[in-house]
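K.L.:
This is protein29.txt, which holds compact mmCIF, C-alpha atoms:
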# COMPACT_ATOMS: atom_id res chain seq x y z
CA MET A 199 0.00 0.00 0.00
CA LYS A 200 2.81 2.37 1.06
CA GLU A 201 4.79 1.36 -2.01
CA LYS A 202 1.83 2.10 -4.24
CA THR A 203 1.43 5.61 -2.78
CA LEU A 204 5.15 6.26 -3.20
CA GLU A 205 4.98 5.07 -6.79
CA LYS A 206 2.04 7.36 -7.43
CA LYS A 207 3.88 10.28 -5.84
CA ASN A 208 6.95 9.66 -7.96
CA LYS A 209 4.77 9.49 -11.05
CA TYR A 210 3.32 12.97 -10.43
CA GLU A 211 6.67 14.40 -9.42
CA GLU A 212 7.89 13.72 -12.93
CA LEU A 213 5.03 15.62 -14.52
CA SER A 214 5.24 19.30 -15.42
CA ASP A 215 3.03 21.88 -13.70
CA GLN A 216 0.94 22.22 -16.84
CA GLU A 217 0.36 18.47 -17.02
CA ILE A 218 -0.70 18.32 -13.37
CA VAL A 219 -3.05 21.28 -13.88
CA GLU A 220 -4.80 19.40 -16.67
CA LEU A 221 -5.18 16.35 -14.41
CA VAL A 222 -6.44 18.46 -11.48
CA LYS A 223 -9.35 19.61 -13.65
CA GLU A 224 -10.48 15.98 -13.72
CA ASP A 225 -9.39 14.76 -10.29
CA LEU A 226 -9.23 16.94 -7.17
CA GLU A 227 -6.96 14.44 -5.36
CA ILE A 228 -4.10 15.26 -7.72
CA TYR A 229 -4.20 18.86 -6.56
CA LYS A 230 -2.24 17.87 -3.46
CA TYR A 231 0.87 17.25 -5.62
CA LEU A 232 0.67 20.76 -6.94
CA ILE A 233 0.16 22.14 -3.44
CA GLU A 234 3.12 20.20 -2.10
CA ARG A 235 5.26 21.42 -4.97
CA TYR A 236 4.59 25.08 -4.17
CA GLU A 237 3.58 25.40 -0.51
CA ARG A 238 7.06 25.86 0.95
CA GLN A 239 8.37 28.34 -1.61
CA LEU A 240 5.12 30.34 -1.57
CA LEU A 241 5.08 30.46 2.22
CA ILE A 242 8.62 31.87 2.20
CA TYR A 243 7.72 34.26 -0.59
CA ILE A 244 4.64 35.58 1.23
CA ARG A 245 6.70 36.22 4.36
CA ARG A 246 9.34 37.99 2.29
CA VAL A 247 6.85 40.28 0.63
CA ILE A 248 5.00 41.17 3.80
CA TYR A 249 6.63 40.67 7.15
CA ILE A 250 4.01 38.65 9.01
CA SER A 251 3.83 35.73 11.38
CA ARG A 252 3.98 32.20 10.08
CA GLU A 253 0.33 31.63 11.12
CA ASP A 254 -0.88 34.62 9.11
CA ALA A 255 1.24 33.51 6.15
CA GLU A 256 -0.28 30.04 6.31
CA ASP A 257 -3.78 31.55 6.29
CA ILE A 258 -2.87 33.53 3.19
CA LEU A 259 -1.35 30.42 1.62
CA GLN A 260 -4.58 28.52 2.16
CA GLU A 261 -6.50 31.30 0.45
CA VAL A 262 -3.98 31.23 -2.40
CA PHE A 263 -4.50 27.52 -3.03
CA LEU A 264 -8.27 27.86 -2.83
CA LYS A 265 -8.15 30.70 -5.32
CA VAL A 266 -5.84 28.74 -7.60
CA TYR A 267 -8.27 25.82 -7.61
CA LYS A 268 -11.29 28.04 -8.27
CA ASN A 269 -9.51 29.79 -11.14
CA ILE A 270 -7.68 26.78 -12.54
CA ASN A 271 -9.62 27.02 -15.81
CA GLY A 272 -8.39 30.60 -16.23
CA TYR A 273 -4.76 29.52 -16.29
CA ASN A 274 -3.28 29.90 -19.76
CA SER A 275 -0.80 27.09 -20.36
CA LYS A 276 1.12 29.26 -22.83
CA TYR A 277 2.71 30.92 -19.80
CA LYS A 278 4.57 29.51 -16.82
CA PHE A 279 2.35 28.13 -14.08
CA SER A 280 4.82 29.32 -11.44
CA SER A 281 4.36 32.95 -12.59
CA TRP A 282 0.59 32.53 -12.41
CA ILE A 283 0.57 31.06 -8.91
CA TYR A 284 3.12 33.61 -7.69
CA ARG A 285 0.91 36.38 -9.01
CA ILE A 286 -2.06 35.03 -7.03
CA ALA A 287 0.13 34.70 -3.93
CA HIS A 288 1.47 38.23 -4.40
CA ASN A 289 -2.02 39.71 -4.78
CA GLU A 290 -3.34 37.80 -1.77
CA ALA A 291 -0.41 38.97 0.35
CA VAL A 292 -0.83 42.60 -0.67
CA SER A 293 -4.59 42.51 -0.15
CA PHE A 294 -4.06 40.92 3.29
CA LEU A 295 -1.78 43.82 4.17
CA ARG A 296 -4.33 46.32 2.90
CA LYS A 297 -7.13 44.76 4.93
CA LYS A 298 -5.07 44.50 8.11
CA LYS A 299 -3.13 47.70 8.30
CA ASP A 300 -2.34 47.05 11.95
CA VAL A 301 -0.83 43.67 11.19
CA GLU A 302 2.03 42.68 13.45
CA VAL A 303 5.34 42.88 11.66
CA VAL A 304 7.75 40.15 12.67
CA GLN A 305 11.50 40.34 12.52
CA ASP A 306 12.63 36.71 12.63
CA SER A 307 15.43 35.92 10.28
CA ASP A 308 14.00 32.75 8.73
CA VAL A 309 12.05 34.92 6.33
CA PHE A 310 15.17 35.07 4.22
CA ASP A 311 16.25 31.55 4.97
CA SER A 312 16.81 30.49 1.39
CA ILE A 313 19.71 32.83 0.83
CA PRO A 314 22.29 30.50 -0.68
CA SER A 315 24.84 29.40 1.89
CA ASP A 316 27.51 26.75 2.04
CA THR A 317 27.77 24.09 4.69
CA ASN A 318 30.25 25.91 6.89
CA ILE A 319 28.56 26.70 10.23
CA GLU A 320 30.42 29.97 10.65
CA ASP A 321 29.46 31.03 7.16
CA GLU A 322 25.86 30.07 7.82
CA PHE A 323 25.86 32.13 11.00
CA MET A 324 27.26 35.12 9.09
CA GLN A 325 24.78 34.49 6.30
CA ASP A 326 21.92 34.46 8.80
CA LEU A 327 23.15 37.66 10.34
CA LYS A 328 23.38 39.24 6.92
CA SER A 329 19.93 38.04 5.94
CA THR A 330 18.47 39.86 8.95
CA GLU A 331 20.34 42.98 7.90
CA ILE A 332 19.20 42.59 4.29
CA LYS A 333 15.63 42.14 5.41
CA TYR A 334 15.85 45.25 7.54
CA LEU A 335 17.27 47.29 4.67
CA LEU A 336 14.77 45.90 2.16
CA SER A 337 11.94 46.91 4.46
CA LYS A 338 13.19 50.49 4.09
CA LEU A 339 12.77 50.38 0.30
CA ASP A 340 9.58 51.39 -1.51
CA ARG A 341 7.34 48.41 -2.19
CA LYS A 342 7.82 48.67 -5.98
CA TYR A 343 11.60 48.24 -5.63
CA ARG A 344 11.35 45.65 -2.87
CA ASP A 345 8.98 43.44 -4.87
CA VAL A 346 11.21 43.26 -7.94
CA LEU A 347 14.39 42.77 -5.93
CA ILE A 348 12.85 39.91 -3.92
CA LEU A 349 11.59 38.20 -7.08
CA ARG A 350 14.87 38.69 -8.91
CA TYR A 351 17.42 37.89 -6.22
CA PHE A 352 15.59 35.68 -3.73
CA GLU A 353 13.14 33.85 -5.98
CA GLU A 354 15.67 33.98 -8.84
CA MET A 355 13.05 34.84 -11.44
CA GLU A 356 13.68 36.06 -15.00
CA TYR A 357 12.51 39.52 -16.06
CA ASN A 358 9.61 38.12 -18.08
CA GLU A 359 8.44 36.05 -15.10
CA ILE A 360 8.57 39.09 -12.83
CA SER A 361 6.63 40.98 -15.49
CA GLU A 362 3.94 38.25 -15.45
CA ILE A 363 3.76 38.19 -11.65
CA LEU A 364 3.59 41.93 -11.05
CA HIS A 365 1.74 42.72 -14.31
CA ILE A 366 4.20 45.38 -15.41
CA PRO A 367 6.14 45.56 -18.70
CA SER A 368 9.56 43.82 -18.79
CA GLY A 369 11.24 47.16 -19.50
CA THR A 370 9.76 48.57 -16.31
CA VAL A 371 11.00 45.51 -14.41
CA ALA A 372 14.54 46.16 -15.65
CA SER A 373 14.47 49.83 -14.70
CA LEU A 374 12.93 49.11 -11.29
CA ILE A 375 15.64 46.53 -10.59
CA ASN A 376 18.38 48.97 -11.57
CA ARG A 377 16.94 51.81 -9.54
CA GLY A 378 16.15 49.45 -6.65
CA LYS A 379 19.75 48.25 -6.62
CA GLU A 380 21.00 51.83 -6.53
CA LYS A 381 18.69 52.66 -3.66
CA PHE A 382 19.64 49.48 -1.84
CA LYS A 383 23.34 50.36 -2.24
CA LEU A 384 22.70 53.76 -0.71
CA LEU A 385 20.91 52.11 2.21
CA VAL A 386 23.81 49.71 2.70
CA GLU A 387 26.24 52.62 2.77
CA LYS A 388 24.07 54.46 5.24
CA HIS A 389 22.94 51.66 7.57
CA GLY A 390 24.75 48.45 6.99
CA LYS A 391 28.37 48.81 5.96
CA ASP A 392 29.08 45.21 6.99
CA ILE A 393 26.90 43.59 4.33
CA MET B 259 3.67 20.76 5.34
CA GLY B 260 1.53 17.88 4.06
CA LYS B 261 -1.09 19.12 6.51
CA ILE B 262 -1.75 22.22 4.43
CA SER B 263 -2.56 20.18 1.33
CA SER B 264 -4.91 17.84 3.19
CA ASP B 265 -6.60 20.83 4.94
CA ILE B 266 -7.15 22.51 1.60
CA LEU B 267 -8.51 19.41 -0.08
CA LYS B 268 -10.86 18.84 2.87
CA LYS B 269 -12.06 22.44 2.68
CA ILE B 270 -12.65 22.17 -1.06
CA GLU B 271 -14.67 19.00 -0.59
CA LYS B 272 -16.56 20.24 2.46
CA GLU B 273 -17.54 23.56 0.88
CA ASN B 274 -18.09 21.89 -2.48
CA ILE B 275 -15.85 24.42 -4.21
CA LYS B 276 -15.82 23.97 -7.97
CA PRO B 277 -13.50 25.56 -10.50
CA ILE B 278 -15.05 28.51 -12.35
CA PRO B 279 -15.98 27.25 -15.85
CA ARG B 280 -13.56 28.07 -18.66
CA CYS B 281 -16.30 29.90 -20.58
CA SER B 282 -16.46 32.56 -17.81
CA PHE B 283 -12.82 33.48 -18.45
CA VAL B 284 -13.34 33.44 -22.20
CA LEU B 285 -16.42 35.66 -21.77
CA LYS B 286 -14.58 38.08 -19.49
CA ASN B 287 -11.73 38.40 -21.96
CA SER B 288 -14.10 38.80 -24.92
CA PHE B 289 -16.05 41.43 -22.98
CA LEU B 290 -12.88 43.43 -22.31
CA TRP B 291 -11.82 43.25 -25.95
CA SER B 292 -15.32 44.22 -27.12
CA LEU B 293 -15.32 47.16 -24.73
CA PHE B 294 -11.91 48.17 -26.07
CA GLY B 295 -13.26 47.91 -29.63
CA LEU B 296 -16.28 50.04 -28.71
CA ASN B 297 -14.05 52.67 -27.14
CA ILE B 298 -11.97 52.82 -30.29
CA LEU B 299 -15.17 53.08 -32.36
CA PHE B 300 -16.66 55.86 -30.19
CA GLY B 301 -13.31 57.63 -30.09
CA SER B 302 -13.14 57.44 -33.89
CA VAL B 303 -16.69 58.81 -34.19
CA GLY B 304 -15.70 61.64 -31.83
CA LEU B 305 -12.63 62.42 -33.89
CA ALA B 306 -14.54 62.21 -37.19
CA ILE B 307 -17.22 64.64 -35.96
CA SER B 308 -14.51 66.91 -34.54
CA ILE B 309 -12.85 67.05 -37.98
CA TYR B 310 -16.21 67.64 -39.66
CA LEU B 311 -17.16 70.47 -37.28
CA PHE B 312 -13.71 72.02 -37.50
CA GLU B 313 -13.87 71.99 -41.28
CA SER B 314 -17.42 73.31 -41.39
CA SER B 315 -16.48 76.15 -39.04
CA ASP B 316 -14.97 77.88 -42.13
CA ILE B 317 -11.65 78.20 -40.40
CA LEU B 318 -9.80 77.07 -43.52
CA ASN B 319 -11.81 79.46 -45.62
CA LEU B 320 -11.28 82.39 -43.27
CA ILE B 321 -7.56 81.90 -42.87
CA LEU B 322 -6.61 84.63 -45.35
CA SER B 323 -9.53 86.97 -44.89
CA VAL B 324 -9.62 87.68 -41.16
CA ASN B 325 -7.30 89.56 -38.84
CA ASP B 326 -8.36 87.76 -35.66
CA PHE B 327 -7.42 84.31 -36.94
CA ILE B 328 -6.14 82.98 -33.61
CA GLU B 329 -9.40 83.93 -31.88
CA VAL B 330 -11.45 82.32 -34.66
CA LEU B 331 -9.20 79.27 -34.53
CA ILE B 332 -9.83 78.85 -30.79
CA LEU B 333 -13.56 79.29 -31.29
CA ALA B 334 -13.50 76.75 -34.12
CA ILE B 335 -12.19 73.94 -31.92
CA PRO B 336 -15.09 71.54 -31.23
CA VAL B 337 -14.14 71.22 -27.56
CA ILE B 338 -16.91 68.86 -26.47
CA TRP B 339 -16.21 66.26 -29.14
CA ILE B 340 -12.47 66.51 -28.56
CA VAL B 341 -13.00 65.99 -24.82
CA LEU B 342 -15.29 63.00 -25.57
CA THR B 343 -12.66 61.56 -27.91
CA ALA B 344 -10.02 61.97 -25.18
CA ILE B 345 -12.28 60.23 -22.65
CA PHE B 346 -12.78 57.26 -24.99
CA LEU B 347 -9.02 57.21 -25.55
CA ILE B 348 -8.35 56.99 -21.80
CA VAL B 349 -11.08 54.40 -21.15
CA GLY B 350 -9.75 52.43 -24.15
CA TYR B 351 -6.29 52.51 -22.56
CA LEU B 352 -7.68 51.18 -19.26
CA ASN B 353 -9.60 48.46 -21.11
CA PHE B 354 -6.51 47.37 -22.98
CA ARG B 355 -4.48 47.39 -19.76
CA TYR B 356 -6.88 44.88 -18.19
CA THR B 357 -6.91 42.42 -21.06
CA GLU B 358 -5.00 39.19 -20.51
CA ARG B 359 -1.62 40.46 -21.73
CA GLY B 360 -2.37 44.18 -21.60
CA TYR B 361 0.16 44.76 -18.83
CA ALA B 362 3.04 43.65 -21.07
CA LEU B 363 2.95 46.88 -23.07
CA SER B 364 4.07 50.17 -21.58
CA PHE B 365 1.77 53.18 -21.18
CA PRO B 366 3.22 55.09 -24.21
CA LYS B 367 2.92 52.00 -26.43
CA ILE B 368 -0.72 51.35 -25.51
CA LEU B 369 -1.50 55.04 -25.90
CA MET B 370 0.15 55.10 -29.34
CA ILE B 371 -1.85 52.02 -30.42
CA ASN B 372 -5.09 53.68 -29.27
CA ILE B 373 -4.27 57.02 -30.88
CA LEU B 374 -3.31 55.35 -34.17
CA ALA B 375 -6.47 53.21 -34.21
CA ILE B 376 -8.71 56.21 -33.46
CA LEU B 377 -6.86 58.33 -36.02
CA ILE B 378 -7.18 55.74 -38.81
CA PHE B 379 -10.84 54.90 -38.16
CA GLY B 380 -11.72 58.55 -37.45
CA ILE B 381 -10.29 59.71 -40.78
CA LEU B 382 -12.02 56.82 -42.57
CA LEU B 383 -15.38 57.71 -40.98
CA HIS B 384 -14.92 61.35 -41.89
CA SER B 385 -13.87 60.72 -45.47
CA SER B 386 -16.89 58.45 -45.99
CA SER B 387 -19.20 61.28 -44.78
CA VAL B 388 -20.36 59.23 -41.78
CA SER B 389 -19.31 62.12 -39.52
CA GLU B 390 -21.63 64.54 -41.34
CA ARG B 391 -24.56 62.12 -41.14
CA LEU B 392 -23.97 61.40 -37.46
CA ASN B 393 -23.69 65.10 -36.70
CA SER B 394 -27.08 65.63 -38.41
CA VAL B 395 -28.59 62.83 -36.33
CA PHE B 396 -27.35 64.43 -33.10
CA SER B 397 -28.40 67.85 -34.32
CA ASP B 398 -31.95 66.64 -35.10
CA SER B 399 -32.43 64.61 -31.94
CA ILE B 400 -30.81 66.83 -29.29
CA PRO B 401 -32.48 70.29 -29.14
CA THR B 402 -29.50 72.31 -27.85
CA TYR B 403 -26.84 70.24 -29.63
CA ASN B 404 -25.98 72.83 -32.27
CA LYS B 405 -25.71 75.76 -29.90
CA ILE B 406 -23.47 73.84 -27.53
CA VAL B 407 -21.38 71.78 -29.92
CA ASP B 408 -21.27 73.40 -33.37
CA PRO B 409 -18.38 75.91 -33.40
CA ARG B 410 -20.13 77.90 -36.12
CA TYR B 411 -22.58 79.08 -33.47
CA ARG B 412 -19.68 80.63 -31.55
CA ILE B 413 -17.84 82.06 -34.54
CA TRP B 414 -20.86 83.55 -36.29
CA SER B 415 -22.59 85.03 -33.25
CA ARG B 416 -20.18 87.95 -32.93
CA PRO B 417 -21.58 90.89 -34.93
CA GLU B 418 -19.32 93.36 -33.11
CA GLN B 419 -16.30 91.45 -34.45
CA GLY B 420 -17.87 91.32 -37.92
CA TYR B 421 -19.40 87.82 -37.96
CA LEU B 422 -23.13 87.33 -38.32
CA ALA B 423 -25.24 84.36 -39.33
CA GLY B 424 -28.92 83.57 -39.49
CA GLU B 425 -31.97 83.10 -41.64
CA VAL B 426 -33.01 85.45 -44.44
CA LEU B 427 -36.54 86.73 -43.73
CA SER B 428 -37.07 89.05 -46.71
CA THR B 429 -35.13 90.60 -49.57
CA ASP B 430 -35.10 94.19 -50.82
CA ARG B 431 -34.14 94.29 -54.52
CA LYS B 432 -33.15 97.18 -56.77
CA GLU B 433 -34.98 97.88 -60.02
CA ASN B 434 -32.42 95.87 -61.98
CA GLY B 435 -33.12 92.85 -59.77
CA THR B 436 -29.91 92.85 -57.75
CA VAL B 437 -30.34 92.56 -54.03
CA ASN B 438 -29.84 95.75 -52.06
CA SER B 439 -30.45 94.53 -48.51
CA VAL B 440 -31.94 91.64 -46.61
CA LYS B 441 -33.80 91.31 -43.34
CA MET B 442 -32.46 88.44 -41.29
CA ARG B 443 -32.85 86.79 -37.88
CA ASP B 444 -29.50 85.91 -36.30
CA LEU B 445 -28.59 82.84 -34.21
CA GLN B 446 -29.62 84.70 -31.03
CA GLN B 447 -33.02 85.53 -32.59
CA ASN B 448 -32.16 89.26 -33.06
CA LEU B 449 -33.42 91.00 -36.20
CA TRP B 450 -31.00 92.72 -38.56
CA SER B 451 -31.13 94.74 -41.73
CA VAL B 452 -28.10 93.70 -43.76
CA ASP B 453 -26.79 95.93 -46.53
CA VAL B 454 -25.49 93.58 -49.23
CA SER B 455 -25.13 96.11 -52.02
CA GLU B 456 -21.31 95.97 -51.99
CA ALA B 457 -20.93 92.43 -50.75
CA LYS B 458 -19.14 89.60 -52.46
CA VAL B 459 -21.77 86.84 -52.53
CA ARG B 460 -20.75 83.21 -52.90
CA ARG B 461 -22.25 81.37 -55.84
CA ALA B 462 -24.08 78.93 -53.56
CA VAL B 463 -25.99 81.78 -51.93
CA SER B 464 -29.32 82.82 -53.50
CA LEU B 465 -30.50 85.25 -50.79
CA GLU B 466 -34.02 83.86 -50.87
CA SER B 467 -36.36 83.96 -47.86
CA GLY B 468 -35.73 81.07 -45.50
CA GLU B 469 -32.11 80.61 -46.61
CA GLU B 470 -29.46 80.34 -43.91
CA ILE B 471 -26.37 82.45 -44.52
CA LYS B 472 -23.18 83.67 -42.92
CA VAL B 473 -22.14 87.29 -43.29
CA ILE B 474 -18.77 88.96 -42.83
CA GLY B 475 -18.89 92.74 -42.41
CA ASN B 476 -19.37 95.35 -39.75
CA VAL B 477 -22.10 96.74 -37.52
CA VAL B 478 -23.46 100.11 -38.69
CA ASP B 479 -25.91 100.62 -35.85
CA SER B 480 -27.85 98.48 -33.36
CA ASP B 481 -29.81 96.60 -36.02
CA THR B 482 -27.97 97.34 -39.24
CA PHE B 483 -25.04 95.37 -40.63
CA LYS B 484 -22.96 96.17 -43.70
CA ALA B 485 -21.90 92.97 -45.44
CA SER B 486 -18.60 92.61 -47.28
CA GLU B 487 -18.95 88.89 -47.94
CA ILE B 488 -21.84 86.43 -47.81
CA LEU B 489 -21.37 82.66 -47.49
CA PRO B 490 -23.79 79.74 -47.36
CA TRP B 491 -24.48 78.32 -43.87
CA GLU B 492 -23.78 74.78 -44.98
CA GLY B 493 -20.62 73.91 -46.83
CA LYS B 494 -17.30 75.63 -46.90
CA GLY B 495 -18.22 77.85 -49.83
CA ARG B 496 -14.95 77.20 -51.60
CA LYS B 497 -15.05 77.29 -55.39
CA MET B 498 -18.37 79.09 -55.13
CA GLN B 499 -17.08 82.60 -55.32
CA GLY B 500 -18.80 85.10 -57.60
CA ASN B 501 -20.94 88.20 -57.50
CA HIS B 502 -24.57 87.68 -56.91
CA PRO B 503 -26.80 88.98 -59.72
Starting from the coordinates I provided, produce the structure as structure tokens.
P.N.:
Amino acid sequence: MKEKTLEKKNKYEELSDQEIVELVKEDLEIYKYLIERYERQLLIYIRRVIYISREDAEDILQEVFLKVYKNINGYNSKYKFSSWIYRIAHNEAVSFLRKKKDVEVVQDSDVFDSIPSDTNIEDEFMQDLKSTEIKYLLSKLDRKYRDVLILRYFEEMEYNEISEILHIPSGTVASLINRGKEKFKLLVEKHGKDI
Amino acid sequence: MGKISSDILKKIEKENIKPIPRCSFVLKNSFLWSLFGLNILFGSVGLAISIYLFESSDILNLILSVNDFIEVLILAIPVIWIVLTAIFLIVGYLNFRYTERGYALSFPKILMINILAILIFGILLHSSSVSERLNSVFSDSIPTYNKIVDPRYRIWSRPEQGYLAGEVLSTDRKENGTVNSVKMRDLQQNLWSVDVSEAKVRRAVSLESGEEIKVIGNVVDSDTFKASEILPWEGKGRKMQGNHP
């Protein structure tokens, strides 16, 4: 029985997002493979975009997956599924922030926990320290710059993907990244010379 | 983490959540594109009528014969239709922006597409005389349309500046049959005696009772106007020049 489930899981892991989406339309059970594929990265992303508690982020995440399921027929397979689901997550996060203006902002460093690091413990400690600093400095940037920088450097997205997520032209993405980097540099010089 | 997926699946099942049918998305997209098309169409109609009204304001005809050209030019601009065209242009932009891939184009690009589309269709509508027919429809069905929209009503309601227009009520002819003066009611319903004895009368003008004319000249006294040139109310009067018999 366990072997059968594992076999099934492996089977879906090999499928592309688009292929799973098509199957989800016919069978709700398959949706869990899509959820499992994206839940961790979206949870991290939501907490990077808006600094909230893990519980709040999980609530948003649940809403994201419900919305994705409801709108699954609106997904256009010509474009990347990841961009589409990130867009929904981004909108849900921003609308959560708008609804709850008095939301508690949290400062724990695991928000930026996917910053690439090697296995050296000392390096990891320094990396963690830096990630807290980076988070602090990013929070000082305007949202438009912060959003593109997070998508580009933390989510490692291409310009066209960022364009699809934020619904802005690719040219605007490029100029926002450049200007955002300049502003971030100024902040580093002013507040965080050690980064 | 697996808990989230099972919670979501349970919620979907419990609340019997179903995916929105594909046709809803197709309909929404078609609706946005149709709305965009309508905005372009209305914008083009606005532009076509603007061109028609601007042309029929005689501005091109008056260019060499008046000293206050800038003032006449400003009066000749069909502001309302231009504003309406601009509104359709902006709404068209917003429509386009909300279509599936509308965000991918920058503001100047979308604006240029809209302007070009309105320009092309507007000129086509004007050159096929649709603008003239539509203007007549509005003029016939909206009582104050002409006074508010038609720039001729602004240009030719300024007797002090030498511009008068209205309907010929009666004609006073000399013994040889040439017209000496006419009685006319202007656009503000004032009565005038217009001396046309030395006026250049366009060929299209017959100076018969009931005819609508435009007169260039100067005020002699409170109800007398000396005409130097008489033009037909409709049409630009070009290639119609000649002395009236």
K.L.:
If we count all atoms listed in the file, which residues of chain A reach to within 7 Å of chain B? Please list them as a ChimeraX atom specification.
P.N.:
/A:230,233-234,260,267-272,365-368
K.L.:
Please, what distance in Å, to one decimal, runs between atom CA of B:Phe289 and atom CA of B:Phe354?
P.N.:
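The value is 11.2 Å.
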K.L.:
Check the smallest atom-to-atom distance from each of B:Gln446, B:Ser314, B:Asn393, B:Thr436 to B:Leu422 using all atoms listed in the file, then report the winner.
P.N.:
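The answer is B:Gln446, which sits nearest to B:Leu422.
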K.L.:
For B:Glu329, which of B:Ala457, B:Ile317, B:Val477, B:Val426 is the closest residue, counting all atoms listed in the file?
P.N.:
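Of all the options, B:Ile317 lies closest to B:Glu329.
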K.L.:
Compare B:Leu290, B:Ile413, B:Glu433, B:Val349 by their minimum atom-to-atom distance to B:Ile328, counting all atoms listed in the file, and give me the closest one.
P.N.:
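Of B:Leu290, B:Ile413, B:Glu433, B:Val349, the one nearest B:Ile328, counting all atoms listed in the file, is B:Ile413.
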K.L.:
Missing atoms in stretch 357-374 of chain A: fill them in up to N, CA and C atoms and send the result as a tab-separated table (two decimals), in the frame of the given file.
P.N.:
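Generated file (selection.tsv):
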chain	number	residue	atom	x	y	z
A	357	TYR	N	13.26	38.26	-15.91
A	357	TYR	CA	12.51	39.52	-16.06
A	357	TYR	C	11.07	39.28	-16.55
A	358	ASN	N	10.95	38.35	-17.53
A	358	ASN	CA	9.61	38.12	-18.08
A	358	ASN	C	8.67	37.47	-17.04
A	359	GLU	N	9.26	36.66	-16.16
A	359	GLU	CA	8.44	36.05	-15.10
A	359	GLU	C	7.99	37.13	-14.10
A	360	ILE	N	8.92	38.00	-13.76
A	360	ILE	CA	8.57	39.09	-12.83
A	360	ILE	C	7.48	39.97	-13.46
A	361	SER	N	7.64	40.20	-14.77
A	361	SER	CA	6.63	40.98	-15.49
A	361	SER	C	5.26	40.32	-15.39
A	362	GLU	N	5.22	38.99	-15.53
A	362	GLU	CA	3.94	38.25	-15.45
A	362	GLU	C	3.37	38.26	-14.03
A	363	ILE	N	4.24	38.23	-13.05
A	363	ILE	CA	3.76	38.19	-11.65
A	363	ILE	C	3.23	39.56	-11.22
A	364	LEU	N	4.00	40.60	-11.52
A	364	LEU	CA	3.59	41.93	-11.05
A	364	LEU	C	2.72	42.69	-12.05
A	365	HIS	N	2.53	42.09	-13.24
A	365	HIS	CA	1.74	42.72	-14.31
A	365	HIS	C	2.28	44.11	-14.65
A	366	ILE	N	3.57	44.15	-14.90
A	366	ILE	CA	4.20	45.38	-15.41
A	366	ILE	C	5.08	44.98	-16.60
A	367	PRO	N	5.33	45.92	-17.54
A	367	PRO	CA	6.14	45.56	-18.70
A	367	PRO	C	7.57	45.15	-18.29
A	368	SER	N	8.19	44.29	-19.09
A	368	SER	CA	9.56	43.82	-18.79
A	368	SER	C	10.54	44.98	-18.68
A	369	GLY	N	10.36	45.98	-19.54
A	369	GLY	CA	11.24	47.16	-19.50
A	369	GLY	C	11.16	47.86	-18.16
A	370	THR	N	9.95	47.93	-17.62
A	370	THR	CA	9.76	48.57	-16.31
A	370	THR	C	10.43	47.74	-15.22
A	371	VAL	N	10.35	46.39	-15.38
A	371	VAL	CA	11.00	45.51	-14.41
A	371	VAL	C	12.50	45.82	-14.37
A	372	ALA	N	13.09	45.92	-15.57
A	372	ALA	CA	14.54	46.16	-15.65
A	372	ALA	C	14.89	47.49	-14.98
A	373	SER	N	14.11	48.53	-15.28
A	373	SER	CA	14.47	49.83	-14.70
A	373	SER	C	14.22	49.86	-13.19
A	374	LEU	N	13.18	49.15	-12.74
A	374	LEU	CA	12.93	49.11	-11.29
A	374	LEU	C	14.05	48.36	-10.57
